[in-house]
Amino acid sequence: LQLRTPVSDSSEEWKFFESFSELRNGVAIVYLLQWYAPHLKALHAVHTTTTTGTTNMPLTEAQRTENASLIIHAMKRLGLHIALDTDDITKCVERNMCLLLLYLYQHLNKYQAHNQKNVLRFDGVLNQEIVRKLHVVNPSKNTKLCYELILEGDPQFVLKTPSFVVLAPRAMAHKKSTAKNDNVAVKAQLQENVENKNKNKKNDHTSRVSSAKTNKSELIQNVPLEPETDIFISYTPRFVRASDARLTLLAKPAPDAEFPCKVPDTLTFELKAVHIESKPTTVVQCTGKLYESTKVAVQVVNPFDADCEFEIIIKDIAHQHHNNNRTRPPMIADDKPCVPSPWHCDRRSIKIEARQAMTLSVEYLPFVMGTQMACLSFVDRKYGEFLYHICGEAQLPSSIEDIKLKCKDSDSITHDIDFESAFLNPMLLKARRMAAERSAKQNPNLRQKMMDYIDKVSLQSNPVMYRVEISSHFFVAAKQLIVYNDDAHKDNRFRITFNAKQSNGCYPCCIKFESAFVDGANGVFNLGDVRIYNVEVLVQSQGTRAELEFECHAMQTVTQRIPVVNNSDSEWKITAKLSGDATSDFNVGGATATSNNEFMVPAKQTGFYELIYAPKWTSEQATTAQLSLYNHATNESYVYDLHCHSGEPLAVDHVCLQCKAKSSVEHVLEVPNPYYPRSSVMYAIESDLPGICGDNQLSIEAQQECARYKLCVTPQSGGTLHGSVSFMEQSPNQQRFQWFAVELVCSAPDPEKVIEISAYLREVVCVEISLSNPLNKTVTFAVDIQGDGLFGDDVFELQPQQSAAMYKLHYSPLITGQVTGAVTFRNDWSGEFWYELKLIGKQPPSIQLQDMVCTIGSVCTQSIRVENPFHEYIDLHLDTHICISNDDNKCFSLQTHGQKRYISIAPSSMYNLSLVYKPSSIGVKQCCNVVLKHAKLGEWNYSVVGVGREPNIEPPTYIHAVLHSRISKVIVFHNPFEYALRICVEFEYEHVVDEKQKIFQLFLKKQKPKQKPKEHNAATNLNTTKNMCYIAPNASLQIPLFFAPNAMRRYTANLVISANVDGIESKAHRAKELVWNFPIVGLPQYDSTQLLKVSCNARETFHKIWNLALEHFSAADENMTVTRNTNEAMFDIQVQHESSSSSSSRLTAKDDSLHDIVDKSLKIELLTKKLKQAAARKHNKDDTNLFSLQMEVTFEPLRAFKGHSKLHVCTSEGIRWTFPLHIAVNAAPHDDVLRIESQLHCTRTVQLTLNLSDYIESIHSLQHDKQLQFRAYFSTDSPFEFDVSPKTGAFDVSVNTATFAVSFTPTEYGAALIGTLIVETANMEWSYRV
């Protein structure tokens, strides 16, 4: 036997055993089991031999027994079920030991091969549960499988399923139990056993196996077994570290197995968690100024269910600097410069109760601009860990120096900032020392070392270059600054200039100096420090001079508020002074003024000086004045030049008076005294209102503030009049005045007379109104006519001294009823007078329409013409505007199109309404009145009488069918009566052979008659087929017919419908039989396979003689009796168009345009128009040459196209032969060749003149429009360098030429480019090679 045994922890060797008795101490077998199952920790307690000097001390009996117990237990854990005890190992014979080793040789290799790749990965996020599923299937069809689940290793791995699994064989799998309560009980007990197993995890393996073998087997017996199951393992990582465990599916005999029985192999799975991602549970945001410490309060929550003491670990995450992203190097490393950490926490641990929170203070001291991140970890070695992230945003630091300057508004000022004494940033140096002090609190021994490091190592390079940013555009400075730290460069100053050519006030500015970060890769390190300087310049004004312009009406006021801005910290006193020619027109002062010429402006506020311009009267020329505001605090003067202009005064008041024409109204005006109380005033009164009267003078004493003036107005005509009343001062030195605006609203006077006019609708009557002119001059009246249906002249003229003149007024009503109107005569001298009109529209007699006579069961129509005389569309709604009243409401109706319930009549046109009459009785007059009433069209009355006649022969019904095919046709019969009708449907054939050959077939469901129908009195020589049917009142019956021709001849038949009707005539109640005859005509059609082709070029003539064979022409029955007068067949031709194929044609016109081209260009004339039918019967039917037609075909197209049509050859009886006709018109040869040469990237244009004279007659024959629409374009295969203009338009037929511009713009050198220019109309086409 050869075994590999460990010699030491790092090496192994092969050991040879000469006798199996040497294995009785169990050491070699224990090492063998350790090799295949290193996870069995119990095997590490093996007793090995010891060496004393050169002598090996053998194991005692107790030690060998313990080794044997370890071997037996390990084999059970590996699922090696063999009946062994300790004596079988310690006292075994060689034969049994050989068998044991052979058993291990067979099973350990198999165990290793089956389980070495069984690994389950548990990678996830910290403190988040990770669940993996293991699916176990029983492959056996007859044997149960039992496993005990043993989970060893990290306690963070938890088994979510029962620890004992029994799988049913596939052939005997139990169905799922439907007893819900039993399942709940089983699940509850399983959960209880899982909890008990977790509590007893530390028990020895023997007890666990026995527990699974006894208790669990008893429970599983009551659980429905399945051939497969899922095993769930949960892992909740509490630490960011690797963890592992092992899940063993220890095979067991089934609880109900009969020994000996088969036991499956034991399965082992490695559970490994290697990559655990740590995500922050909370992200804390904070901000802080650069180089200044900020306290950040972090609320820490204990996520565990136990009181914990967490170790605090704070780590930097990579800086997010605006110039570079970098990770902070160590604080002190060989005196190399580095970026200090911005984060610090004084505490190293924190105690928090279960699920409680505490506040932790973290210090944030940024050294660079941008965003800094810190990872704050809280670790409890027993319960777990979690982490927070802190995100800090560094803001600009505080200013190093605040500089305040003063200057005048007309001066400039400069200032130098000295960097010589402050090469190192003082704010940065202070922050570094602060960071060293906080670190020294935790380790006092590092204090001096860190201070020396700060003094020795600078974080700024020498020299250092700063980028300069200035916040105000009023300041001017360099964009960058280089500072040196040596004696060779003394001038480390930065100069800034302020341009004071601005208004007075305070101008702040922030100057930012920022150096770029250098990481030290080339031996130079620079932190990238930031310096802030604040500069404030106070600008004092030397005085302000401005111009103000005032424009105002006399005796009105305009107020101008002049602002004075005080940005200082003290109150200002302002003194105002006014001088100049227009001083008397101004009032000075304000709300903040202490007197007329002084006012105060508080600090940090704006004061206003109110300047009021109040001119006494108008000024022909502009006047001037000057306002001076003096500031006692700053000794500044603000001068304003005032330019004034005053216009005419506004109306004192607007007076609105209402009265009636030719009647008087009085009103009193309150006239003010502008000189009150200094002097009196005398006014002369003027007015432009007609019919006004009053005093011509008004005097106002000095003591009177106003006086009352009474005026009287008597207007002669109605309407609205606007005028004024002016009060002019009677003074030689003053030409002042006041005026009032007067609005006179006059209503019309009483009518001269009431005239009554009546007329029938749409008839015209004339009324004469007598007028006279007593004046010695011609009077012209403006005539205003009000009222619907009235019309007359708009102007009426009377000669001087004319005694009587007649004005003619016409009236034509459109609707009935009485309305009012008026005719008014207006003249500026004679005034206004009018006549009231009573307009009466009388209903005219109804318009008697032609009597409508119709057979019962049929309908007839009659048109009613409705005229629209207006220049707009009129809509007539059938439900509201048209009323039909008749004896029987169902007899008369209006025919509508589709679902529309209204009709629309075009402007100035006629519309025909279709009145439909459907009689319901015979010989009885049925009357109907149609009333059309519309607000604009008026009212129309129509009367009509309808009479029903007995049924007669109806118009024939034609059925077309292809030879030897069948087609259906439906004939509709309507029951015109108000009661159910029992009818008899009979089908009569003209020839007996037609019935035998089933040429016509009637398809009606036969109904069993209740009574025997009466015999029909029709001709009995016809062959008939009868059917009995019932039709509901006013219902319709669809009678289907089938037509199947077998010869090229005309087929006729008759459909007879008869019924016995009671009391259909007036005052008669006897029954009478009614008969309806529907002639049926069947016309066969033959589709020939002979293809007719017409092919030519455009603008060429196609001429050909066609012989068309009329197949089956001789197929008529020779025994058929010819009842027609002639034995000759007359023929005619028809062309039926089909849609053209757009894919085979360049045309863009519609199909109807192509059809028009074919109709006008294609001429087909029959040369043979008759064929003898008798001759056709004598000859052989297969000889089709004798039964052919000759026709002459002429086709003259003007443009290219392709299309399909059908040519029909028809006899006089309607029988036709159809031939497919294919028309292909190719493009005509190019009309001409255009040659264009041009330089590269230059456009050359030539003029193309199109001669229309040769084709104008052809175009006229095809199109009747005065203008022909055209389209010009290049073909799709033409280069893009070509273009044509215009592309669309219309040809003027009166001009014989048309001009186009063809352009060429080459983009590269090379061979000539060739394109095709096409000019086309709907019927004509020209093409040119370009």
# chains A, B, ... in the order shown; residues from 1 in each chain; ligands from 1
>>> residues_around(residues="Met1191 (chain A)", least_positions_apart="2", cutoff="8 Å", atoms="only C-alpha atoms", output="number ranges by chain")
A: 1105-1108, 1164-1168, 1189, 1193
>>> write_last_selection(atoms="all heavy atoms", output="short mmCIF file (atom, residue, chain, number, x, y, z; two decimals), in the first residue's frame")
data_model
loop_
_atom_site.label_atom_id
_atom_site.label_comp_id
_atom_site.auth_asym_id
_atom_site.auth_seq_id
_atom_site.Cartn_x
_atom_site.Cartn_y
_atom_site.Cartn_z
N ILE A 1105 -55.15 48.02 -90.33
CA ILE A 1105 -56.44 47.37 -90.55
C ILE A 1105 -56.46 46.11 -89.68
O ILE A 1105 -55.57 45.25 -89.79
CB ILE A 1105 -56.66 47.00 -92.02
CG1 ILE A 1105 -56.56 48.27 -92.90
CG2 ILE A 1105 -58.02 46.33 -92.19
CD1 ILE A 1105 -57.60 49.32 -92.58
N TRP A 1106 -57.44 46.02 -88.78
CA TRP A 1106 -57.56 44.88 -87.87
C TRP A 1106 -58.70 43.98 -88.36
O TRP A 1106 -59.77 44.46 -88.78
CB TRP A 1106 -57.87 45.32 -86.45
CG TRP A 1106 -56.67 45.88 -85.73
CD1 TRP A 1106 -55.38 45.79 -86.09
CD2 TRP A 1106 -56.71 46.63 -84.51
NE1 TRP A 1106 -54.56 46.42 -85.19
CE2 TRP A 1106 -55.36 46.95 -84.20
CE3 TRP A 1106 -57.72 47.05 -83.66
CZ2 TRP A 1106 -55.03 47.67 -83.07
CZ3 TRP A 1106 -57.39 47.76 -82.54
CH2 TRP A 1106 -56.05 48.07 -82.24
N ASN A 1107 -58.48 42.67 -88.27
CA ASN A 1107 -59.53 41.66 -88.48
C ASN A 1107 -59.82 41.03 -87.13
O ASN A 1107 -58.97 40.34 -86.56
CB ASN A 1107 -59.08 40.60 -89.49
CG ASN A 1107 -59.01 41.15 -90.90
OD1 ASN A 1107 -59.83 41.98 -91.29
ND2 ASN A 1107 -58.04 40.69 -91.67
N LEU A 1108 -61.00 41.26 -86.61
CA LEU A 1108 -61.39 40.76 -85.30
C LEU A 1108 -62.30 39.57 -85.49
O LEU A 1108 -63.39 39.68 -86.08
CB LEU A 1108 -62.09 41.84 -84.48
CG LEU A 1108 -61.29 43.12 -84.22
CD1 LEU A 1108 -62.07 44.04 -83.30
CD2 LEU A 1108 -59.94 42.79 -83.63
N ILE A 1164 -61.25 54.61 -84.41
CA ILE A 1164 -61.49 53.25 -84.91
C ILE A 1164 -62.79 53.28 -85.70
O ILE A 1164 -63.84 53.67 -85.18
CB ILE A 1164 -61.56 52.25 -83.75
CG1 ILE A 1164 -60.28 52.29 -82.91
CG2 ILE A 1164 -61.82 50.85 -84.27
CD1 ILE A 1164 -60.31 51.38 -81.70
N GLU A 1165 -62.72 52.86 -86.97
CA GLU A 1165 -63.88 52.88 -87.86
C GLU A 1165 -64.11 51.47 -88.39
O GLU A 1165 -63.17 50.82 -88.88
CB GLU A 1165 -63.66 53.85 -89.02
CG GLU A 1165 -64.86 53.97 -89.94
CD GLU A 1165 -64.62 54.98 -91.05
OE1 GLU A 1165 -63.53 55.61 -91.03
OE2 GLU A 1165 -65.49 55.14 -91.91
N LEU A 1166 -65.34 50.98 -88.26
CA LEU A 1166 -65.69 49.66 -88.76
C LEU A 1166 -65.82 49.69 -90.28
O LEU A 1166 -66.52 50.52 -90.86
CB LEU A 1166 -67.02 49.20 -88.14
CG LEU A 1166 -66.95 48.60 -86.73
CD1 LEU A 1166 -68.35 48.34 -86.21
CD2 LEU A 1166 -66.14 47.32 -86.74
N LEU A 1167 -65.11 48.75 -90.92
CA LEU A 1167 -65.27 48.60 -92.36
C LEU A 1167 -66.38 47.61 -92.69
O LEU A 1167 -66.99 47.69 -93.75
CB LEU A 1167 -63.94 48.13 -92.99
CG LEU A 1167 -62.75 49.08 -92.75
CD1 LEU A 1167 -61.51 48.50 -93.42
CD2 LEU A 1167 -63.05 50.46 -93.29
N THR A 1168 -66.61 46.64 -91.76
CA THR A 1168 -67.71 45.67 -91.91
C THR A 1168 -68.65 45.85 -90.74
O THR A 1168 -68.25 45.64 -89.59
CB THR A 1168 -67.17 44.23 -91.95
OG1 THR A 1168 -66.21 44.13 -92.99
CG2 THR A 1168 -68.30 43.23 -92.18
N LEU A 1189 -64.71 40.81 -88.26
CA LEU A 1189 -64.98 42.20 -88.63
C LEU A 1189 -63.68 42.88 -88.98
O LEU A 1189 -62.65 42.66 -88.34
CB LEU A 1189 -65.67 42.94 -87.49
CG LEU A 1189 -67.06 42.47 -87.08
CD1 LEU A 1189 -67.55 43.30 -85.91
CD2 LEU A 1189 -68.02 42.60 -88.24
N VAL A 1193 -57.85 51.47 -87.89
CA VAL A 1193 -57.39 52.09 -86.64
C VAL A 1193 -56.40 53.19 -87.00
O VAL A 1193 -55.43 52.96 -87.74
CB VAL A 1193 -56.72 51.07 -85.71
CG1 VAL A 1193 -56.30 51.74 -84.41
CG2 VAL A 1193 -57.66 49.92 -85.44
#
>>> select_by_dssp(residues="region 506-584 of chain A", states="strand (DSSP E or B)", output="mmCIF file with N, CA and C atoms, in the first residue's frame")
data_model
loop_
_atom_site.group_PDB
_atom_site.id
_atom_site.type_symbol
_atom_site.label_atom_id
_atom_site.label_comp_id
_atom_site.auth_asym_id
_atom_site.auth_seq_id
_atom_site.Cartn_x
_atom_site.Cartn_y
_atom_site.Cartn_z
ATOM 1 N N CYS A 506 -20.818 104.216 -5.170
ATOM 2 C CA CYS A 506 -19.852 103.269 -4.628
ATOM 3 C C CYS A 506 -19.709 102.115 -5.610
ATOM 4 N N TYR A 507 -18.475 101.735 -5.972
ATOM 5 C CA TYR A 507 -18.185 100.699 -6.953
ATOM 6 C C TYR A 507 -17.340 99.623 -6.296
ATOM 7 N N PRO A 508 -17.933 98.500 -5.919
ATOM 8 C CA PRO A 508 -17.158 97.413 -5.326
ATOM 9 C C PRO A 508 -16.564 96.505 -6.403
ATOM 10 N N CYS A 509 -15.489 95.802 -6.049
ATOM 11 C CA CYS A 509 -14.822 94.891 -6.974
ATOM 12 C C CYS A 509 -14.133 93.801 -6.164
ATOM 13 N N CYS A 510 -14.210 92.567 -6.655
ATOM 14 C CA CYS A 510 -13.549 91.421 -6.039
ATOM 15 C C CYS A 510 -12.480 90.929 -6.997
ATOM 16 N N ILE A 511 -11.217 90.841 -6.492
ATOM 17 C CA ILE A 511 -10.087 90.394 -7.304
ATOM 18 C C ILE A 511 -9.686 89.013 -6.820
ATOM 19 N N LYS A 512 -9.688 88.060 -7.729
ATOM 20 C CA LYS A 512 -9.369 86.678 -7.401
ATOM 21 C C LYS A 512 -8.065 86.278 -8.068
ATOM 22 N N PHE A 513 -7.089 85.792 -7.231
ATOM 23 C CA PHE A 513 -5.818 85.282 -7.714
ATOM 24 C C PHE A 513 -5.827 83.766 -7.495
ATOM 25 N N GLU A 514 -5.651 82.999 -8.565
ATOM 26 C CA GLU A 514 -5.680 81.554 -8.464
ATOM 27 C C GLU A 514 -4.547 80.960 -9.281
ATOM 28 N N SER A 515 -3.734 80.116 -8.640
ATOM 29 C CA SER A 515 -2.634 79.437 -9.325
ATOM 30 C C SER A 515 -3.068 78.030 -9.692
ATOM 31 N N VAL A 518 0.010 71.754 -9.732
ATOM 32 C CA VAL A 518 1.083 70.982 -10.359
ATOM 33 C C VAL A 518 1.369 69.808 -9.449
ATOM 34 N N ASP A 519 1.326 68.570 -9.989
ATOM 35 C CA ASP A 519 1.382 67.384 -9.152
ATOM 36 C C ASP A 519 2.772 66.997 -8.712
ATOM 37 N N PHE A 525 6.064 71.170 -7.380
ATOM 38 C CA PHE A 525 4.733 70.956 -6.804
ATOM 39 C C PHE A 525 4.122 72.295 -6.452
ATOM 40 N N ASN A 526 2.851 72.465 -6.815
ATOM 41 C CA ASN A 526 2.118 73.670 -6.452
ATOM 42 C C ASN A 526 0.689 73.265 -6.097
ATOM 43 N N VAL A 530 -5.596 80.094 -3.636
ATOM 44 C CA VAL A 530 -6.530 81.124 -4.073
ATOM 45 C C VAL A 530 -6.446 82.282 -3.085
ATOM 46 N N ARG A 531 -6.355 83.512 -3.630
ATOM 47 C CA ARG A 531 -6.330 84.717 -2.796
ATOM 48 C C ARG A 531 -7.438 85.662 -3.265
ATOM 49 N N ILE A 532 -8.114 86.289 -2.301
ATOM 50 C CA ILE A 532 -9.210 87.213 -2.576
ATOM 51 C C ILE A 532 -8.875 88.568 -1.970
ATOM 52 N N TYR A 533 -9.031 89.623 -2.799
ATOM 53 C CA TYR A 533 -8.874 91.002 -2.348
ATOM 54 C C TYR A 533 -10.132 91.758 -2.753
ATOM 55 N N ASN A 534 -10.707 92.531 -1.803
ATOM 56 C CA ASN A 534 -11.897 93.341 -2.059
ATOM 57 C C ASN A 534 -11.486 94.795 -2.163
ATOM 58 N N VAL A 535 -11.921 95.444 -3.265
ATOM 59 C CA VAL A 535 -11.607 96.858 -3.500
ATOM 60 C C VAL A 535 -12.934 97.588 -3.647
ATOM 61 N N GLU A 536 -13.064 98.732 -2.971
ATOM 62 C CA GLU A 536 -14.262 99.551 -3.039
ATOM 63 C C GLU A 536 -13.852 100.992 -3.290
ATOM 64 N N VAL A 537 -14.388 101.578 -4.365
ATOM 65 C CA VAL A 537 -14.057 102.957 -4.764
ATOM 66 C C VAL A 537 -15.318 103.795 -4.627
ATOM 67 N N LEU A 538 -15.205 104.895 -3.887
ATOM 68 C CA LEU A 538 -16.307 105.846 -3.720
ATOM 69 C C LEU A 538 -16.071 107.001 -4.679
ATOM 70 N N VAL A 539 -16.983 107.169 -5.645
ATOM 71 C CA VAL A 539 -16.858 108.220 -6.668
ATOM 72 C C VAL A 539 -17.743 109.381 -6.262
ATOM 73 N N GLN A 540 -17.108 110.547 -6.177
ATOM 74 C CA GLN A 540 -17.825 111.771 -5.830
ATOM 75 C C GLN A 540 -17.964 112.637 -7.072
ATOM 76 N N THR A 544 -23.599 117.924 -11.909
ATOM 77 C CA THR A 544 -24.350 117.327 -12.999
ATOM 78 C C THR A 544 -25.066 118.425 -13.770
ATOM 79 N N ARG A 545 -25.023 118.286 -15.107
ATOM 80 C CA ARG A 545 -25.721 119.258 -15.959
ATOM 81 C C ARG A 545 -26.564 118.470 -16.947
ATOM 82 N N ALA A 546 -27.855 118.763 -16.972
ATOM 83 C CA ALA A 546 -28.775 118.042 -17.842
ATOM 84 C C ALA A 546 -29.819 118.998 -18.381
ATOM 85 N N GLU A 547 -30.584 118.504 -19.372
ATOM 86 C CA GLU A 547 -31.642 119.306 -19.989
ATOM 87 C C GLU A 547 -32.971 118.602 -19.803
ATOM 88 N N LEU A 548 -34.009 119.387 -19.483
ATOM 89 C CA LEU A 548 -35.365 118.887 -19.362
ATOM 90 C C LEU A 548 -36.269 119.704 -20.262
ATOM 91 N N GLU A 549 -37.170 119.026 -20.979
ATOM 92 C CA GLU A 549 -38.084 119.711 -21.890
ATOM 93 C C GLU A 549 -39.503 119.496 -21.397
ATOM 94 N N PHE A 550 -40.256 120.599 -21.261
ATOM 95 C CA PHE A 550 -41.642 120.573 -20.786
ATOM 96 C C PHE A 550 -42.548 121.011 -21.917
ATOM 97 N N GLU A 551 -43.637 120.265 -22.136
ATOM 98 C CA GLU A 551 -44.648 120.611 -23.133
ATOM 99 C C GLU A 551 -46.003 120.365 -22.504
ATOM 100 N N CYS A 552 -46.828 121.440 -22.487
ATOM 101 C CA CYS A 552 -48.087 121.352 -21.759
ATOM 102 C C CYS A 552 -49.076 122.337 -22.371
ATOM 103 N N HIS A 553 -50.391 122.046 -22.228
ATOM 104 C CA HIS A 553 -51.441 122.960 -22.643
ATOM 105 C C HIS A 553 -51.567 124.080 -21.604
ATOM 106 N N VAL A 558 -47.830 120.002 -15.406
ATOM 107 C CA VAL A 558 -47.000 118.822 -15.613
ATOM 108 C C VAL A 558 -45.979 118.780 -14.492
ATOM 109 N N THR A 559 -45.848 117.609 -13.817
ATOM 110 C CA THR A 559 -44.948 117.456 -12.681
ATOM 111 C C THR A 559 -43.790 116.548 -13.069
ATOM 112 N N GLN A 560 -42.571 117.014 -12.800
ATOM 113 C CA GLN A 560 -41.358 116.241 -13.049
ATOM 114 C C GLN A 560 -40.644 116.021 -11.719
ATOM 115 N N ARG A 561 -40.458 114.737 -11.350
ATOM 116 C CA ARG A 561 -39.751 114.406 -10.113
ATOM 117 C C ARG A 561 -38.292 114.113 -10.461
ATOM 118 N N ILE A 562 -37.384 114.943 -9.864
ATOM 119 C CA ILE A 562 -35.950 114.807 -10.133
ATOM 120 C C ILE A 562 -35.342 113.995 -8.995
ATOM 121 N N PRO A 563 -34.772 112.800 -9.271
ATOM 122 C CA PRO A 563 -34.235 111.964 -8.189
ATOM 123 C C PRO A 563 -32.845 112.423 -7.765
ATOM 124 N N VAL A 564 -32.584 112.281 -6.475
ATOM 125 C CA VAL A 564 -31.259 112.526 -5.903
ATOM 126 C C VAL A 564 -30.912 111.284 -5.086
ATOM 127 N N VAL A 565 -29.892 110.539 -5.519
ATOM 128 C CA VAL A 565 -29.525 109.261 -4.910
ATOM 129 C C VAL A 565 -28.416 109.500 -3.896
ATOM 130 N N ASN A 566 -28.671 109.118 -2.649
ATOM 131 C CA ASN A 566 -27.695 109.256 -1.564
ATOM 132 C C ASN A 566 -27.228 107.865 -1.158
ATOM 133 N N TRP A 572 -28.144 114.124 3.451
ATOM 134 C CA TRP A 572 -27.757 115.238 2.590
ATOM 135 C C TRP A 572 -28.791 116.357 2.687
ATOM 136 N N LYS A 573 -28.298 117.592 2.602
ATOM 137 C CA LYS A 573 -29.146 118.772 2.526
ATOM 138 C C LYS A 573 -28.993 119.371 1.141
ATOM 139 N N ILE A 574 -30.121 119.556 0.430
ATOM 140 C CA ILE A 574 -30.110 120.057 -0.943
ATOM 141 C C ILE A 574 -30.861 121.382 -0.979
ATOM 142 N N THR A 575 -30.226 122.380 -1.642
ATOM 143 C CA THR A 575 -30.832 123.702 -1.832
ATOM 144 C C THR A 575 -31.123 123.897 -3.311
ATOM 145 N N ALA A 576 -32.362 124.332 -3.639
ATOM 146 C CA ALA A 576 -32.782 124.522 -5.024
ATOM 147 C C ALA A 576 -32.887 126.000 -5.345
ATOM 148 N N LYS A 577 -32.500 126.374 -6.587
ATOM 149 C CA LYS A 577 -32.569 127.754 -7.050
ATOM 150 C C LYS A 577 -33.048 127.739 -8.489
ATOM 151 N N LEU A 578 -34.111 128.567 -8.793
ATOM 152 C CA LEU A 578 -34.724 128.617 -10.107
ATOM 153 C C LEU A 578 -34.571 130.011 -10.682
ATOM 154 N N SER A 579 -34.153 130.125 -11.965
ATOM 155 C CA SER A 579 -33.958 131.436 -12.625
ATOM 156 C C SER A 579 -34.285 131.281 -14.092
ATOM 157 N N GLY A 580 -34.561 132.457 -14.770
ATOM 158 C CA GLY A 580 -34.836 132.433 -16.200
ATOM 159 C C GLY A 580 -36.158 133.074 -16.535
#
>>> residues_around(residues="Pro1220 (chain A)", least_positions_apart="5", cutoff="10 Å", atoms="only C-alpha atoms", output="PyMOL selection string")
chain A and resi 1087-1093+1135-1136+1204-1208
>>> residues_around(residues="Ser458 (chain A)", least_positions_apart="5", cutoff="10 Å", atoms="only C-alpha atoms", output="ChimeraX atom specification")
/A:335-338,424,429,453,525-527
>>> write_last_selection(atoms="C-alpha atoms", output="PDB file, in the first residue's frame")
ATOM      1  CA  ASP A 335       9.710  65.929   3.280  1.00  0.00           C
ATOM      2  CA  LYS A 336       7.800  65.863   0.016  1.00  0.00           C
ATOM      3  CA  PRO A 337       4.921  68.369  -0.461  1.00  0.00           C
ATOM      4  CA  CYS A 338       1.436  66.912  -0.432  1.00  0.00           C
ATOM      5  CA  LEU A 424       3.229  82.582   1.006  1.00  0.00           C
ATOM      6  CA  LEU A 429      -0.385  78.877   6.052  1.00  0.00           C
ATOM      7  CA  TYR A 453       7.463  70.056   8.220  1.00  0.00           C
ATOM      8  CA  PHE A 525       4.733  70.956  -6.804  1.00  0.00           C
ATOM      9  CA  ASN A 526       2.118  73.670  -6.452  1.00  0.00           C
ATOM     10  CA  LEU A 527      -1.073  73.295  -4.435  1.00  0.00           C
TER      11      LEU A 527
END
>>> residues_around(residues="Asn975 (chain A)", least_positions_apart="4", cutoff="9 Å", atoms="only C-alpha atoms", output="PyMOL selection string")
chain A and resi 857+979-981+1031-1037
>>> residues_around(residues="region 896-910 of chain A", least_positions_apart="5", cutoff="7 Å", atoms="only C-alpha atoms", output="PyMOL selection string")
chain A and resi 865-878
